[in-house]
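A.B. asks: Contents of coords-v8.cif (mmCIF, C-alpha atoms):
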data_run
#
loop_
_atom_site.label_atom_id
_atom_site.label_comp_id
_atom_site.auth_asym_id
_atom_site.auth_seq_id
_atom_site.Cartn_x
_atom_site.Cartn_y
_atom_site.Cartn_z
CA MET A 3 -23.23 -1.07 -1.49
CA SER A 4 -21.51 -4.37 -0.83
CA PRO A 5 -22.34 -6.32 2.34
CA VAL A 6 -19.48 -6.19 4.82
CA GLY A 7 -18.56 -7.72 8.13
CA VAL A 8 -19.29 -11.30 7.05
CA ARG A 9 -16.37 -13.70 7.36
CA SER A 10 -15.74 -15.39 4.01
CA THR A 11 -13.40 -18.09 2.78
CA ILE A 12 -10.69 -16.23 0.92
CA SER A 13 -8.13 -17.76 -1.41
CA ALA A 14 -4.65 -16.27 -1.50
CA THR A 15 -1.68 -16.61 -3.83
CA VAL A 16 1.80 -15.23 -3.19
CA VAL A 17 4.43 -14.78 -5.90
CA ALA A 18 7.83 -13.12 -6.10
CA MET A 19 8.17 -10.60 -8.91
CA PRO A 20 11.18 -8.89 -10.47
CA PRO A 21 11.46 -5.38 -9.01
CA PRO A 22 9.99 -2.55 -11.13
CA ARG A 23 12.33 0.13 -12.42
CA VAL A 24 10.14 2.76 -10.73
CA ALA A 25 8.16 1.41 -7.78
CA VAL A 26 4.93 3.43 -7.95
CA ARG A 27 4.82 3.47 -11.75
CA GLY A 28 5.04 -0.31 -11.86
CA PHE A 29 2.15 -0.64 -9.43
CA ALA A 30 0.13 2.01 -11.30
CA ARG A 31 0.39 0.00 -14.49
CA TRP A 32 -1.07 -3.04 -12.73
CA VAL A 33 -3.90 -0.90 -11.33
CA ALA A 34 -4.59 0.52 -14.80
CA ARG A 35 -4.84 -2.99 -16.28
CA GLU A 36 -7.47 -3.90 -13.65
CA CYS A 37 -9.49 -0.71 -14.13
CA PRO A 38 -12.42 -0.86 -16.57
CA ALA A 39 -12.32 1.84 -19.24
CA GLY A 40 -14.12 4.88 -17.89
CA GLY A 41 -14.37 3.28 -14.47
CA ARG A 42 -14.99 5.00 -11.18
CA VAL A 43 -11.81 4.85 -9.05
CA LEU A 44 -11.00 5.76 -5.45
CA ASN A 45 -7.45 6.80 -4.54
CA ILE A 46 -7.12 6.18 -0.81
CA GLY A 47 -4.52 8.52 0.66
CA ALA A 48 -4.30 10.65 -2.48
CA GLY A 49 -2.49 13.50 -0.75
CA HIS A 50 -1.72 16.81 -2.40
CA ASN A 51 -1.16 15.61 -5.93
CA LEU A 52 -1.59 12.56 -8.15
CA SER A 53 2.03 11.70 -8.86
CA GLY A 54 3.12 11.55 -12.47
CA THR A 55 3.97 7.90 -11.89
CA LEU A 56 0.23 7.24 -11.40
CA ARG A 57 -0.69 8.59 -14.83
CA PRO A 58 -1.51 5.12 -16.23
CA VAL A 59 -4.52 5.08 -13.89
CA SER A 60 -5.72 8.56 -14.83
CA ARG A 61 -5.55 7.65 -18.54
CA VAL A 62 -7.99 4.75 -18.06
CA ALA A 63 -10.36 5.88 -15.31
CA GLY A 64 -13.40 8.00 -16.04
CA THR A 65 -13.61 9.45 -12.54
CA ILE A 66 -10.95 9.53 -9.81
CA VAL A 67 -12.00 10.48 -6.30
CA GLY A 68 -9.24 11.11 -3.79
CA ILE A 69 -9.51 10.96 -0.02
CA ASP A 70 -6.97 11.71 2.68
CA PRO A 71 -7.25 12.92 6.28
CA ASP A 72 -4.67 15.57 5.34
CA PRO A 73 -6.53 18.70 4.08
CA ALA A 74 -3.78 19.09 1.48
CA VAL A 75 -5.77 16.65 -0.67
CA LEU A 76 -8.23 19.47 -1.37
CA GLY A 77 -5.52 21.13 -3.46
CA ASN A 78 -5.01 18.07 -5.64
CA THR A 79 -6.09 19.46 -9.02
CA THR A 80 -5.75 16.10 -10.83
CA LEU A 81 -8.72 14.61 -8.96
CA HIS A 82 -12.31 14.93 -10.09
CA GLU A 83 -13.38 15.04 -6.45
CA ALA A 84 -11.47 15.30 -3.17
CA GLN A 85 -12.50 14.73 0.42
CA ALA A 86 -10.38 15.42 3.51
CA LEU A 87 -11.61 12.32 5.33
CA THR A 88 -10.32 9.02 6.62
CA MET A 89 -11.38 5.88 4.77
CA GLU A 90 -13.83 5.00 7.53
CA ALA A 91 -15.41 8.46 7.61
CA TYR A 92 -15.71 8.57 3.84
CA ALA A 93 -17.44 5.18 3.67
CA ALA A 94 -19.97 6.47 6.20
CA THR A 95 -21.05 9.17 3.71
CA ASP A 96 -22.49 6.40 1.48
CA PRO A 97 -20.72 7.45 -1.75
CA GLU A 98 -21.61 6.16 -5.20
CA PRO A 99 -19.93 2.73 -5.50
CA PHE A 100 -16.51 2.41 -7.10
CA ASP A 101 -15.24 -0.13 -9.61
CA LEU A 102 -11.77 -0.05 -8.08
CA ALA A 103 -10.04 1.41 -5.04
CA PHE A 104 -6.30 1.53 -4.47
CA SER A 105 -3.75 2.85 -2.01
CA VAL A 106 -0.05 3.63 -2.26
CA PHE A 107 1.98 3.54 0.98
CA VAL A 108 -1.10 3.83 3.17
CA LEU A 109 -1.49 0.46 4.92
CA GLU A 110 1.57 1.03 7.10
CA HIS A 111 -0.29 3.95 8.69
CA VAL A 112 -3.59 2.13 9.37
CA SER A 113 -4.33 1.83 13.10
CA ASP A 114 -7.59 -0.17 12.83
CA PRO A 115 -7.23 -2.71 9.98
CA ARG A 116 -10.65 -4.27 10.53
CA ALA A 117 -12.49 -0.95 10.26
CA PHE A 118 -10.33 0.12 7.32
CA THR A 119 -10.88 -3.02 5.22
CA ARG A 120 -14.61 -3.05 5.95
CA ALA A 121 -14.82 0.56 4.82
CA CYS A 122 -12.96 -0.34 1.63
CA ALA A 123 -15.41 -3.14 0.92
CA ALA A 124 -18.37 -0.87 1.64
CA VAL A 125 -17.50 1.63 -1.08
CA LEU A 126 -16.96 -0.94 -3.85
CA ARG A 127 -19.60 -2.31 -6.18
CA PRO A 128 -20.22 -6.11 -6.25
CA GLY A 129 -17.21 -7.63 -7.97
CA GLY A 130 -15.16 -4.52 -7.21
CA VAL A 131 -11.39 -4.56 -6.88
CA LEU A 132 -9.16 -3.35 -4.06
CA MET A 133 -5.42 -2.93 -4.68
CA GLY A 134 -2.58 -1.72 -2.52
CA MET A 135 1.16 -1.25 -2.25
CA THR A 136 2.93 -1.09 1.08
CA VAL A 137 6.12 -2.01 2.91
CA ASN A 138 6.36 -5.64 4.00
CA LYS A 139 6.71 -5.94 7.77
CA TRP A 140 8.89 -9.07 7.51
CA HIS A 141 11.56 -7.30 5.44
CA TYR A 142 14.46 -5.89 7.47
CA PHE A 143 13.34 -2.34 6.65
CA GLY A 144 9.74 -2.95 7.70
CA LEU A 145 10.70 -4.93 10.78
CA SER A 146 13.17 -2.25 11.89
CA THR A 147 10.55 0.46 11.41
CA TRP A 148 7.95 -1.58 13.31
CA ALA A 149 10.36 -2.11 16.22
CA ALA A 150 11.46 1.54 16.29
CA THR A 151 7.81 2.65 16.28
CA ARG A 152 6.96 0.38 19.21
CA ALA A 153 10.02 1.67 21.09
CA HIS A 154 9.03 5.29 20.33
CA VAL A 155 12.38 6.06 18.69
CA ALA A 156 11.33 6.05 15.02
CA GLU A 157 11.08 9.83 14.71
CA PRO A 158 14.56 10.71 16.06
CA LEU A 159 16.14 7.88 14.04
CA LEU A 160 14.47 9.04 10.84
CA ARG A 161 15.65 12.60 11.39
CA ARG A 162 19.22 11.34 11.69
CA LEU A 163 19.01 9.40 8.44
CA ARG A 164 16.99 11.74 6.21
CA PRO A 165 16.94 15.55 5.67
CA VAL A 166 14.69 17.34 8.19
CA GLU A 167 12.68 19.14 5.50
CA GLN A 168 12.00 15.82 3.76
CA VAL A 169 10.81 14.18 6.96
CA GLU A 170 8.50 17.08 7.79
CA GLY A 171 7.11 17.11 4.27
CA TYR A 172 5.97 13.51 3.95
CA HIS A 173 6.36 11.55 7.16
CA PHE A 174 3.30 10.25 9.00
CA PRO A 175 3.22 7.94 12.04
CA THR A 176 3.44 4.24 11.18
CA GLU A 177 1.53 1.34 12.72
CA TYR A 178 2.44 -1.81 10.73
CA ARG A 179 -0.75 -3.64 11.72
CA ILE A 180 -1.71 -4.82 8.21
CA ASN A 181 1.61 -5.22 6.41
CA THR A 182 2.09 -8.97 5.94
CA THR A 183 0.44 -11.37 3.52
CA ARG A 184 -1.17 -13.15 6.47
CA ALA A 185 -2.59 -9.99 8.07
CA VAL A 186 -3.89 -8.59 4.79
CA THR A 187 -5.53 -11.91 3.89
CA ALA A 188 -7.19 -12.24 7.29
CA HIS A 189 -8.66 -8.75 7.30
CA LEU A 190 -9.79 -8.91 3.68
CA GLY A 191 -11.50 -12.22 4.36
CA ARG A 192 -13.36 -10.75 7.32
CA ALA A 193 -14.41 -7.81 5.16
CA GLY A 194 -15.97 -10.13 2.56
CA PHE A 195 -13.33 -10.35 -0.18
CA THR A 196 -13.15 -13.71 -1.95
CA ASP A 197 -9.57 -13.81 -3.24
CA VAL A 198 -6.31 -11.93 -3.07
CA GLU A 199 -3.19 -12.11 -5.21
CA PHE A 200 0.07 -10.88 -3.70
CA ARG A 201 3.04 -9.79 -5.77
CA LEU A 202 6.15 -9.07 -3.71
CA TRP A 203 9.46 -7.65 -4.88
CA ASP A 204 12.70 -6.25 -3.48
CA LEU A 205 14.44 -3.12 -4.77
CA PRO A 206 17.62 -2.16 -2.89
CA SER A 207 17.53 1.49 -3.98
CA MET A 208 14.30 1.90 -2.00
CA TYR A 209 15.97 0.96 1.29
CA GLU A 210 19.59 2.10 0.94
CA PRO A 211 18.87 5.78 1.81
CA TYR A 212 17.63 4.67 5.24
CA LEU A 213 20.72 2.58 6.05
CA PRO A 214 23.87 4.03 7.61
CA GLY A 215 26.62 4.43 5.02
CA PRO A 216 28.85 1.54 6.18
CA VAL A 217 26.08 -1.05 5.82
CA ARG A 218 24.27 0.12 2.70
CA GLY A 219 25.75 -2.75 0.74
CA PHE A 220 23.58 -5.07 2.85
CA ALA A 221 20.55 -4.07 0.75
CA SER A 222 21.99 -5.64 -2.40
CA THR A 223 23.25 -8.72 -0.54
CA TYR A 224 19.82 -9.29 0.99
CA HIS A 225 18.16 -8.72 -2.42
CA ASP A 226 20.25 -11.45 -4.01
CA TRP A 227 19.57 -13.82 -1.11
CA VAL A 228 15.75 -13.53 -1.14
CA TYR A 229 15.56 -14.01 -4.91
CA ARG A 230 17.84 -17.05 -4.82
CA ARG A 231 15.57 -18.58 -2.18
CA ASP A 232 12.37 -17.36 -3.88
CA ALA A 233 11.43 -16.02 -0.44
CA ALA A 234 8.57 -13.76 -1.51
CA ARG A 235 7.27 -13.18 2.02
CA LEU A 236 10.63 -11.69 3.04
CA MET A 237 10.84 -9.19 0.17
CA GLY A 238 10.65 -5.46 0.77
CA HIS A 239 7.41 -4.43 -0.88
CA LEU A 240 4.02 -6.07 -0.89
CA THR A 241 1.41 -5.35 -3.56
CA PHE A 242 -1.96 -7.02 -3.87
CA ARG A 243 -5.23 -7.26 -5.79
CA ALA A 244 -8.45 -8.49 -4.12
CA HIS A 245 -11.98 -9.03 -5.39
CA LEU A 246 -15.39 -8.76 -3.80
CA PRO A 247 -17.97 -11.37 -4.80
CA GLY A 248 -20.50 -10.63 -7.49
CA GLY A 249 -18.37 -9.88 -10.52
CA ALA A 250 -16.78 -11.81 -13.35
CA GLY A 251 -13.20 -11.21 -12.04
#
As structure tokens - that is how I would like this structure written.

C.D. replies:
Amino acid sequence: MSPVGVRSTISATVVAMPPPRVAVRGFARWVARECPAGGRVLNIGAGHNLSGTLRPVSRVAGTIVGIDPDPAVLGNTTLHEAQALTMEAYAATDPEPFDLAFSVFVLEHVSDPRAFTRACAAVLRPGGVLMGMTVNKWHYFGLSTWAATRAHVAEPLLRRLRPVEQVEGYHFPTEYRINTTRAVTAHLGRAGFTDVEFRLWDLPSMYEPYLPGPVRGFASTYHDWVYRRDAARLMGHLTFRAHLPGGAG
């Protein structure tokens, strides 16, 4: 296992990227490129099923283990192994080290970023890779969600904007404690990672369904504005790749 809990100097780069045509598929292709052929991969927050948009990862990895506190993960037939555990609880079981771990729309739900990132480091081999995709807190969508969560009105607002059955099927409480480039960098550095590359992008179709009809055009206006200014840190989605020391990458 990798040593954790030691503050390290971490280098960080932040770039704006063109938005992918399909959000998760675009991220999955990046994950697949970072995964060694036949590698051992951990899907953090795997849920009930490995989405078809994550197939690039399953085509490269030799073993995919999925964890999620939701017991529904035990019915995920695309995983080689599934555990209904939080990241912290799973790391405590001392699993065989992974080459790569990734999460898709998980960080916004993390309540203890320090414990979470240390657990991620603990399950990776030396030189291992951690990748993630989440909503950026400094985007209007992320900031609105953060504020609504703190004001305890997020749930009723969401139910007014989205179908009830959809909310009940996928919605989990949000925290937004590790959803900026600065917060992610700080916690990864404390967990022992040496470098992190951020790729941020903005895709209006991801946010429009959550905006009231009269102001949905704001999503496209904002999109054009952040790209003209090359304002990566204000774009809607944050993806990253980080390395532990000890490997060639």

A.B. asks: Do you know which residues the PyMOL selection byres ((chain A and resi 31) around 12) returns on this file, as a list of chain:residue names?

C.D. replies: A:Pro22, A:Val24, A:Ala25, A:Val26, A:Arg27, A:Gly28, A:Phe29, A:Ala30, A:Trp32, A:Val33, A:Ala34, A:Arg35, A:Glu36, A:Cys37, A:Thr55, A:Leu56, A:Arg57, A:Pro58, A:Val59, A:Ser60, A:Arg61, A:Val62, A:Met133

A.B. asks: Would you put the residues from that selection into a file with C-alpha atoms, as a PDB file, in the coordinates of the input?

C.D. replies:
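result.pdb written:
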ATOM      1  CA  PRO A  22       9.990  -2.550 -11.130  1.00  0.00           C
ATOM      2  CA  VAL A  24      10.140   2.760 -10.730  1.00  0.00           C
ATOM      3  CA  ALA A  25       8.160   1.410  -7.780  1.00  0.00           C
ATOM      4  CA  VAL A  26       4.930   3.430  -7.950  1.00  0.00           C
ATOM      5  CA  ARG A  27       4.820   3.470 -11.750  1.00  0.00           C
ATOM      6  CA  GLY A  28       5.040  -0.310 -11.860  1.00  0.00           C
ATOM      7  CA  PHE A  29       2.150  -0.640  -9.430  1.00  0.00           C
ATOM      8  CA  ALA A  30       0.130   2.010 -11.300  1.00  0.00           C
ATOM      9  CA  TRP A  32      -1.070  -3.040 -12.730  1.00  0.00           C
ATOM     10  CA  VAL A  33      -3.900  -0.900 -11.330  1.00  0.00           C
ATOM     11  CA  ALA A  34      -4.590   0.520 -14.800  1.00  0.00           C
ATOM     12  CA  ARG A  35      -4.840  -2.990 -16.280  1.00  0.00           C
ATOM     13  CA  GLU A  36      -7.470  -3.900 -13.650  1.00  0.00           C
ATOM     14  CA  CYS A  37      -9.490  -0.710 -14.130  1.00  0.00           C
ATOM     15  CA  THR A  55       3.970   7.900 -11.890  1.00  0.00           C
ATOM     16  CA  LEU A  56       0.230   7.240 -11.400  1.00  0.00           C
ATOM     17  CA  ARG A  57      -0.690   8.590 -14.830  1.00  0.00           C
ATOM     18  CA  PRO A  58      -1.510   5.120 -16.230  1.00  0.00           C
ATOM     19  CA  VAL A  59      -4.520   5.080 -13.890  1.00  0.00           C
ATOM     20  CA  SER A  60      -5.720   8.560 -14.830  1.00  0.00           C
ATOM     21  CA  ARG A  61      -5.550   7.650 -18.540  1.00  0.00           C
ATOM     22  CA  VAL A  62      -7.990   4.750 -18.060  1.00  0.00           C
ATOM     23  CA  MET A 133      -5.420  -2.930  -4.680  1.00  0.00           C
TER      24      MET A 133
END

A.B. asks: My list of candidates is A:Arg42, A:His141, A:Arg127, A:Arg243. Which is closest to Ala221 (chain A) when distances are computed with only C-alpha atoms?

C.D. replies: A:His141

A.B. asks: Using only C-alpha atoms, what residues lie at most 7 Å away from (-9.5, -0.1, -2.4) (file coordinates), given as an MDAnalysis selection string?

C.D. replies: chainID A and resid 44 46 102:105 122 131:133

A.B. asks: Please list, as a PyMOL selection string, the residues that have an atom at most 10 Å away from (19.4, -8.2, 0.2) in the coordinates of this file, counting all atoms listed in the file.

C.D. replies: chain A and resi 141-142+204-206+209+218-229+236-238

A.B. asks: Using the chain letters and numbering of this document, enumerate as a PyMOL selection string the residues selected by the PyMOL selection byres ((chain A and resi 117) around 10).

C.D. replies: chain A and resi 7+89-90+112-116+118-122+189+193

A.B. asks: I'd like the interatomic distance between CA of Thr187 (chain A) and CA of Ala14 (chain A), to a tenth of an Å.

C.D. replies: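 For CA of Thr187 (chain A) relative to CA of Ala14 (chain A), the distance reads 7.0 Å.
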
A.B. asks: Just say which residues the PyMOL selection byres ((chain A and resi 97) around 10) picks in this file, as a list in words.

C.D. replies: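 Here the PyMOL selection byres ((chain A and resi 97) around 10) matches Met3, Tyr92, Ala93, Ala94, Thr95, Asp96, Glu98, Pro99, Phe100, Ala124, Val125 and Leu126 of chain A.
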
A.B. asks: Select, from A:Gly191, A:Gly77, A:Gly130, A:Gly68, the residue with the minimum atom-to-atom distance to Gly41 (chain A), counting all atoms listed in the file.

C.D. replies: A:Gly130

A.B. asks: Choose the residue, out of A:Leu76, A:Ala244, A:Met208, A:Val217, that has the smallest atom-to-atom separation from Gly134 (chain A); count all atoms listed in the file.

C.D. replies: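 Closest residue, counting all atoms listed in the file: A:Ala244.
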
A.B. asks: With all atoms listed in the file as the counted atoms, please give the residues lying no more than 7 Å from Leu109 (chain A), apart from itself and same-chain residues fewer than 3 positions off, as an mmCIF file with C-alpha atoms, in the frame of the given file.

C.D. replies:
data_model
loop_
_atom_site.group_PDB
_atom_site.id
_atom_site.type_symbol
_atom_site.label_atom_id
_atom_site.label_comp_id
_atom_site.auth_asym_id
_atom_site.auth_seq_id
_atom_site.Cartn_x
_atom_site.Cartn_y
_atom_site.Cartn_z
ATOM 1 C CA VAL A 112 -3.590 2.130 9.370
ATOM 2 C CA THR A 136 2.930 -1.090 1.080
ATOM 3 C CA ILE A 180 -1.710 -4.820 8.210
ATOM 4 C CA ASN A 181 1.610 -5.220 6.410
#

A.B. asks: Distance CA of Val67 (chain A)-CA of Pro128 (chain A), one decimal place?

C.D. replies: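 Between CA of Val67 (chain A) and CA of Pro128 (chain A) the gap is 18.5 Å.
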